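Each remark here refers to the structure printed beneath this line.
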Amino acid sequence: MNIKKRGLWIGSPLLWRGRERLRRITQYKRRTKILLSILLILLVCFWFCLPQPLFHAPTSFVIEDNKGELLGATIASDGQWRFPLNDSIPEKFKACIITFEDKRFYSHPGVDILALARAVRQNVRASKTISGGSTLTMQVIRLSRNKKRDFIQKFIESILAVRLELACSKNEILALYASNAPFGGNIVGLDAAAWRYYGRSADKLSWGEMAALAVLPNAPALVYPGKNKTALLRKRNALLEKLLAQQRIDSNTYQLSLLESLPDEPKPLPHLAPHLLQRFKQEAGKNVAAVTRTTINGNMQRNVTRIIEQYHSIYKGNGINNACALVLDVETGNTLAYVGNVYHPENTDLQSHVDVIKSARSPGSTLKPLLYACMLNDGLLLPEMLVPDIPTQIGGYTPQNFDREYDGAVPAAQALSRSLNVPAVRMLRDYKYPRFYNVLKKVGISTLNRPADNYGLSLILGGGEVTPWDMAGLYAGMARALNHEKKNKGKIFSSDFHPPVYVKDVSKKQNLPKSVINYLDPVSIWYMFQSMEEVMRPGEEGLWKQFSSSQRIAWKTGTSFGFRDAWAIGVTPKLVIAVWVGNATGEGRPGLTGVQTAAPIMFDILKTLPASQWFAEPSGVVKTAVCHQSGFRANMDCTDIDSVRVSPAGEKAPLCPYHTIIHLDPDTQYRVNGDCMLPSAMLQKSWFILPPVMEWYYKQKHFDYKPVPVYRSDCSVEGNYRSMELVYPGPGAKIYVPIEISGERGKAVFTAAHQKTESKIFWHLDNDYLGTTSHFHQMALSPAAGKHTITLVDDAGERLVRQFEVLDKTDE
């Protein structure tokens, strides 16, 4: 083709225009890409420009009762009263704040152009800033950034406000404003302001009160409650007038609101559970995003606090300064009342800042019921089985009863209800203290931080330390297990034993292990509670059975060594009450016992609680034949037999060791044997015979006890028969001889027992004759330090030899 003819030679204007057009198109596309990239970057920056979270300021720790009433709050770490974000905003506050600050709040996208134009016009005319034109959304942004206020910051706030509108609903933006707006002084947020200025929650404020609070964030430094009342009154009344004009309130409400007084100085917040609040703060460990709803029953908390304070006013005269009380719901483990101590922070000597509920203290005798139930579960014990109550020394450990007396032998249930120490120690010896130590760990006692051997047998008398929190949880677990007996088909699961809770709905979220336990059963727990119910109540409560209105309760007291701790634990099918009385410093005081100080508080608390039905008898009981006199499982020699209901393990309980067949002469006056009488002339009779030491104490309180007749003089005594026993000192005992006040060496009283009342006993120490006793066999001696041998010989020639050691004072 002839190119020249077509006009397309090089330099042709047509070709040049084509190339120019192509170049422009290329530049346009490049610029478009750059612009789109810039727009994309700006869009990304806009989308991610909003900080998450928006506010970083620390908040107060706030707890409420189970109905949402404020129990207490702490000041935030920056010194501000700033409650956590509250999504629920009262309608009155919405109306007030929107009317006062941002009337087009629900229609603008975060920035109100009309308000900004009005602000510019007003500021130009006045030659100074008199109006900001900021919307509530812009104010939320400003509060979160806390930057210097100028045009540039205003522009940035506008952009962030639009972004916030895209991220949050209008109600969420109002919630952010209400929770972070300043209300004068160190008060931030509507909730804190309502409590500090009016002493109640924001949803309970009147129109006049809410209007007064709504105008505060506009100028918190100028309009401060208690000062500048004229300015505050003017602003509040102007807002009320606008609300009336908008028909938000009627004329009657308007007139009444004008008459309402303005708030004065900030009021103190409620302190209904100060120790629980401190505990929550410590366990939460960091700021909590919301107000925490607890399981506390507000009315019950007030009643328990009032009772604690009443008794504190009485006990402080004896130098007893502290007391705590805890009430739990059995089924859930929820804490219904938590009074960790008396609360008098103005008096530092009272140590009222100490939360005793979570403090480890000596539990005294409060663990005895658990040991009783464990032994019933194993068949080592039956409820009425006699257990020895005699002077006892085990490996240098010498327990004593509170009254320093002995019964010789006492039914196990009665030993528990009377809280006798010696039978409890002997029972723990039989059960084995390492095993009991492991049981305590499994049922939730968390403060046993030493090996079992460090506690030994003293574990049952308060040798360890337990918190009231763990103690109440233990008894709640046993009551819960008994309540679940039918549901669990007679078994007890480990999930029934869990720590108490005080945050609402936490118990529902716990994933507790569920395995069958073998150290307790429902029948044993039921018998334990039956025995605890028989504990003699103090004062007027001792006649409780006479009144049909009296509540049934299984309860136990405890008193630590040195009168340092007094306990009372009460259990019903619905509730557990734990009370402790003492001094947080550990100082002991005379009269500081569980019965005298803790029990009255517990029963006064019980009177304020709703009554409940008693524990139903478990279905797993079986009947077994029991000796009436000894409480052991009947042997073939027992003549008086009761059929009693026991746990299945009770069928393996020991047979009665105290009933045996003896041979008597025809007059039943003497015992005889084949050496002195023909078998055909003998009378055979079953006889209840206690060992000499047990018998010596037992017959002093049981006048119907019949000692076994002595052998006739012409009968040879059988080799295993012993009519005499040395009560004190025991075999291989190590004893101290006391030093009198005068500084002189005192004497130790040696005691012997003889089945034949009129018998004489001849006393010898290291082969030296000391003297003779009859009827009442005691000898006061002062042997030197070292090993000795004491020998007793009765008038029938029976000998008893025992070795013991007297320790020197330097060996203590």
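How things are named: the first chain in the structure tokens is A, the next is B, and so on; residues count from 1 in each chain; ligands count from 1 in the order shown.
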Do a neighbour search on A:Tyr433 at 12 Å with only C-alpha atoms, toss out local chain neighbours closer than 6 positions, and write the hits as number ranges by chain. A: 371, 374, 424-427, 439-440, 451-461, 463-464
Could you pull out the residues in stretch 124-275 of chain A that DSSP calls helix (DSSP H, G or I) from the backbone, as a VMD selection string? chain A and resid 124 to 126 136 to 145 151 to 167 170 to 180 190 to 198 202 to 204 207 to 214 229 to 245 251 to 259 274 to 275
Contacts of A:Asp667 within 12 Å, only C-alpha atoms, excl. fewer than 5 positions in-chain, as JSON, numbers by chain: {"A": [672, 681, 682, 683, 684, 709, 712]}
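What separates atom CA of A:Pro666 from atom CA of A:Pro691 is a distance of 25.4 Å.
Every protein, DNA or RNA residue with an atom at most 12 Å from A:Ala238, where only C-alpha atoms count and chain neighbours fewer than 3 positions away do not, is listed here: Cys96, Thr99, Phe100, Gly208, Ala211, Ala212, Ala214, Val215, Ala231, Leu232, Leu233, Arg234, Lys235, Glu241, Lys242, Leu243, Leu244, Ala245, Tyr254, Ser257 and Leu258 of chain A.
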Any chance you can output those residues with all heavy atoms as a short mmCIF file (atom, residue, chain, number, x, y, z; two decimals), in the first residue's frame?
data_model
loop_
_atom_site.label_atom_id
_atom_site.label_comp_id
_atom_site.auth_asym_id
_atom_site.auth_seq_id
_atom_site.Cartn_x
_atom_site.Cartn_y
_atom_site.Cartn_z
N CYS A 96 -32.33 14.22 79.56
CA CYS A 96 -31.67 15.43 80.07
C CYS A 96 -30.42 15.78 79.28
O CYS A 96 -30.21 16.93 78.89
CB CYS A 96 -31.33 15.24 81.55
SG CYS A 96 -32.75 15.26 82.66
N THR A 99 -31.16 16.84 75.60
CA THR A 99 -31.76 18.18 75.58
C THR A 99 -30.73 19.25 75.88
O THR A 99 -30.72 20.33 75.27
CB THR A 99 -32.91 18.25 76.59
OG1 THR A 99 -33.89 17.28 76.25
CG2 THR A 99 -33.54 19.63 76.61
N PHE A 100 -29.84 18.98 76.80
CA PHE A 100 -28.88 19.99 77.23
C PHE A 100 -27.66 20.08 76.31
O PHE A 100 -27.16 21.19 76.05
CB PHE A 100 -28.41 19.66 78.66
CG PHE A 100 -27.53 20.71 79.27
CD1 PHE A 100 -28.06 21.91 79.71
CD2 PHE A 100 -26.16 20.50 79.40
CE1 PHE A 100 -27.25 22.88 80.26
CE2 PHE A 100 -25.35 21.47 79.96
CZ PHE A 100 -25.89 22.66 80.39
N GLY A 208 -35.44 16.28 88.96
CA GLY A 208 -34.64 17.40 89.43
C GLY A 208 -33.21 16.97 89.71
O GLY A 208 -32.25 17.70 89.39
N ALA A 211 -31.43 16.22 86.33
CA ALA A 211 -31.11 17.45 85.60
C ALA A 211 -29.88 18.14 86.19
O ALA A 211 -29.04 18.69 85.46
CB ALA A 211 -32.31 18.40 85.63
N ALA A 212 -29.75 18.09 87.53
CA ALA A 212 -28.59 18.71 88.17
C ALA A 212 -27.31 18.00 87.75
O ALA A 212 -26.27 18.64 87.52
CB ALA A 212 -28.76 18.68 89.68
N ALA A 214 -26.93 16.26 84.91
CA ALA A 214 -26.73 16.37 83.46
C ALA A 214 -26.00 17.65 83.07
O ALA A 214 -25.31 17.68 82.04
CB ALA A 214 -28.08 16.30 82.75
N VAL A 215 -26.11 18.71 83.86
CA VAL A 215 -25.44 19.96 83.51
C VAL A 215 -24.01 20.01 84.01
O VAL A 215 -23.25 20.91 83.63
CB VAL A 215 -26.23 21.17 84.05
CG1 VAL A 215 -27.65 21.16 83.52
CG2 VAL A 215 -26.24 21.19 85.58
N ALA A 231 -24.97 29.19 90.14
CA ALA A 231 -24.74 28.80 88.75
C ALA A 231 -25.35 27.43 88.46
O ALA A 231 -25.97 27.21 87.42
CB ALA A 231 -23.24 28.79 88.45
N LEU A 232 -25.16 26.51 89.39
CA LEU A 232 -25.72 25.18 89.21
C LEU A 232 -27.24 25.22 89.19
O LEU A 232 -27.88 24.56 88.35
CB LEU A 232 -25.22 24.25 90.33
CG LEU A 232 -25.78 22.81 90.31
CD1 LEU A 232 -25.46 22.12 89.00
CD2 LEU A 232 -25.22 22.02 91.49
N LEU A 233 -27.82 26.01 90.08
CA LEU A 233 -29.28 26.12 90.12
C LEU A 233 -29.81 26.71 88.82
O LEU A 233 -30.83 26.24 88.28
CB LEU A 233 -29.69 26.98 91.32
CG LEU A 233 -31.20 27.15 91.53
CD1 LEU A 233 -31.84 25.81 91.87
CD2 LEU A 233 -31.45 28.15 92.66
N ARG A 234 -29.14 27.73 88.30
CA ARG A 234 -29.59 28.37 87.07
C ARG A 234 -29.55 27.39 85.90
O ARG A 234 -30.50 27.32 85.10
CB ARG A 234 -28.71 29.59 86.79
CG ARG A 234 -29.16 30.38 85.55
CD ARG A 234 -28.33 31.63 85.37
NE ARG A 234 -26.92 31.33 85.12
CZ ARG A 234 -25.95 31.53 86.00
NH1 ARG A 234 -26.22 32.01 87.21
NH2 ARG A 234 -24.70 31.22 85.69
N LYS A 235 -28.46 26.65 85.77
CA LYS A 235 -28.34 25.69 84.68
C LYS A 235 -29.37 24.57 84.82
O LYS A 235 -29.98 24.14 83.84
CB LYS A 235 -26.92 25.11 84.66
CG LYS A 235 -25.86 26.05 84.12
CD LYS A 235 -24.49 25.40 84.18
CE LYS A 235 -23.45 26.28 83.50
NZ LYS A 235 -23.59 26.27 82.04
N GLU A 241 -36.76 23.65 82.33
CA GLU A 241 -37.69 24.44 81.51
C GLU A 241 -37.73 23.91 80.09
O GLU A 241 -38.81 23.84 79.46
CB GLU A 241 -37.27 25.91 81.55
CG GLU A 241 -38.28 26.84 80.89
CD GLU A 241 -37.90 28.30 81.06
OE1 GLU A 241 -36.98 28.59 81.87
OE2 GLU A 241 -38.52 29.14 80.39
N LYS A 242 -36.56 23.54 79.54
CA LYS A 242 -36.53 22.95 78.20
C LYS A 242 -37.27 21.62 78.16
O LYS A 242 -37.98 21.31 77.19
CB LYS A 242 -35.09 22.76 77.75
CG LYS A 242 -34.35 24.05 77.45
CD LYS A 242 -32.93 23.76 76.99
CE LYS A 242 -32.17 25.05 76.68
NZ LYS A 242 -30.78 24.76 76.21
N LEU A 243 -37.09 20.83 79.20
CA LEU A 243 -37.78 19.54 79.25
C LEU A 243 -39.29 19.73 79.30
O LEU A 243 -40.05 18.96 78.68
CB LEU A 243 -37.32 18.74 80.48
CG LEU A 243 -35.87 18.25 80.46
CD1 LEU A 243 -35.49 17.66 81.83
CD2 LEU A 243 -35.65 17.21 79.37
N LEU A 244 -39.72 20.75 80.02
CA LEU A 244 -41.15 21.05 80.07
C LEU A 244 -41.64 21.49 78.69
O LEU A 244 -42.72 21.07 78.23
CB LEU A 244 -41.41 22.15 81.10
CG LEU A 244 -42.86 22.64 81.20
CD1 LEU A 244 -43.78 21.50 81.66
CD2 LEU A 244 -42.95 23.82 82.17
N ALA A 245 -40.86 22.34 78.02
CA ALA A 245 -41.25 22.83 76.70
C ALA A 245 -41.35 21.70 75.69
O ALA A 245 -42.18 21.72 74.77
CB ALA A 245 -40.26 23.89 76.22
N TYR A 254 -42.40 19.49 86.85
CA TYR A 254 -41.52 20.64 86.72
C TYR A 254 -41.50 21.47 88.00
O TYR A 254 -40.42 21.84 88.49
CB TYR A 254 -42.00 21.49 85.53
CG TYR A 254 -41.30 22.82 85.41
CD1 TYR A 254 -39.97 22.91 85.02
CD2 TYR A 254 -41.99 24.02 85.72
CE1 TYR A 254 -39.35 24.14 84.91
CE2 TYR A 254 -41.36 25.24 85.61
CZ TYR A 254 -40.04 25.30 85.20
OH TYR A 254 -39.40 26.52 85.10
N SER A 257 -39.73 19.59 90.75
CA SER A 257 -38.29 19.49 90.50
C SER A 257 -37.59 20.79 90.86
O SER A 257 -36.44 20.78 91.33
CB SER A 257 -38.04 19.14 89.04
OG SER A 257 -38.60 17.87 88.73
N LEU A 258 -38.26 21.94 90.63
CA LEU A 258 -37.66 23.23 90.98
C LEU A 258 -37.44 23.36 92.48
O LEU A 258 -36.55 24.09 92.93
CB LEU A 258 -38.54 24.37 90.47
CG LEU A 258 -38.65 24.55 88.95
CD1 LEU A 258 -39.62 25.67 88.63
CD2 LEU A 258 -37.28 24.82 88.34
#
Nearby residues (only C-alpha atoms) at most 12 Å from A:His344, same-chain spacing under 5 positions excluded, as a list in words: His271, Pro274, His275, Glu309, His312, Ser313, Asn321, Asn322, Asp349, Leu350, Gln351, Ser352, His353 and Val354 of chain A
Non-local contacts of stretch 803-808 of chain A (9 Å; only C-alpha atoms; under 3 positions in same chain excluded) as a ChimeraX atom specification: /A:729-737,783-791,811-812
Extract the full set of strand (DSSP E) residues from stretch 51-237 of chain A according to DSSP on the backbone, and format it as a PyMOL selection string. chain A and resi 62-64+70-73+81-82+187-188
Output for the residues just chosen: N, CA, C and O atoms as an mmCIF file, in the first residue's frame:
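To be explicit, this is the file written out as result.cif:
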data_model
loop_
_atom_site.group_PDB
_atom_site.id
_atom_site.type_symbol
_atom_site.label_atom_id
_atom_site.label_comp_id
_atom_site.auth_asym_id
_atom_site.auth_seq_id
_atom_site.Cartn_x
_atom_site.Cartn_y
_atom_site.Cartn_z
ATOM 1 N N VAL A 62 -16.274 -2.483 91.835
ATOM 2 C CA VAL A 62 -17.631 -2.265 92.329
ATOM 3 C C VAL A 62 -18.336 -3.607 92.456
ATOM 4 O O VAL A 62 -18.314 -4.421 91.526
ATOM 5 N N ILE A 63 -18.948 -3.859 93.600
ATOM 6 C CA ILE A 63 -19.713 -5.094 93.786
ATOM 7 C C ILE A 63 -21.135 -4.759 94.203
ATOM 8 O O ILE A 63 -21.379 -3.793 94.925
ATOM 9 N N GLU A 64 -22.054 -5.573 93.728
ATOM 10 C CA GLU A 64 -23.469 -5.426 94.044
ATOM 11 C C GLU A 64 -23.975 -6.707 94.688
ATOM 12 O O GLU A 64 -23.355 -7.766 94.567
ATOM 13 N N LEU A 70 -25.939 -1.706 95.390
ATOM 14 C CA LEU A 70 -24.515 -1.496 95.629
ATOM 15 C C LEU A 70 -24.120 -1.947 97.035
ATOM 16 O O LEU A 70 -24.727 -1.544 98.024
ATOM 17 N N LEU A 71 -23.069 -2.773 97.098
ATOM 18 C CA LEU A 71 -22.499 -3.179 98.379
ATOM 19 C C LEU A 71 -21.284 -2.338 98.746
ATOM 20 O O LEU A 71 -21.041 -2.057 99.913
ATOM 21 N N GLY A 72 -20.524 -1.933 97.741
ATOM 22 C CA GLY A 72 -19.335 -1.140 98.020
ATOM 23 C C GLY A 72 -18.516 -0.938 96.759
ATOM 24 O O GLY A 72 -18.717 -1.606 95.739
ATOM 25 N N ALA A 73 -17.598 0.002 96.816
ATOM 26 C CA ALA A 73 -16.721 0.295 95.685
ATOM 27 C C ALA A 73 -15.419 0.870 96.209
ATOM 28 O O ALA A 73 -15.388 1.521 97.267
ATOM 29 N N TRP A 81 -13.139 8.431 91.359
ATOM 30 C CA TRP A 81 -14.289 7.540 91.514
ATOM 31 C C TRP A 81 -14.874 7.326 90.125
ATOM 32 O O TRP A 81 -15.616 8.142 89.620
ATOM 33 N N ARG A 82 -14.494 6.207 89.513
ATOM 34 C CA ARG A 82 -14.903 5.925 88.140
ATOM 35 C C ARG A 82 -15.399 4.478 88.068
ATOM 36 O O ARG A 82 -14.624 3.536 88.088
ATOM 37 N N ILE A 187 -14.857 12.779 90.648
ATOM 38 C CA ILE A 187 -16.006 11.919 90.348
ATOM 39 C C ILE A 187 -16.194 11.867 88.843
ATOM 40 O O ILE A 187 -16.383 12.895 88.184
ATOM 41 N N VAL A 188 -16.132 10.662 88.301
ATOM 42 C CA VAL A 188 -16.250 10.450 86.859
ATOM 43 C C VAL A 188 -17.359 9.439 86.610
ATOM 44 O O VAL A 188 -17.388 8.370 87.218
#
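Our summary of the geometry notes that atom CA of A:Met532 is positioned 7.3 Å from atom CA of A:Leu416.
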Can you list, as a PyMOL selection string, every protein, DNA or RNA residue that comes within 12 Å of A:Pro657 when you count only C-alpha atoms, leaving out same-chain residues fewer than 2 positions away? chain A and resi 385-387+627+629-638+653-655+659-661+687-691
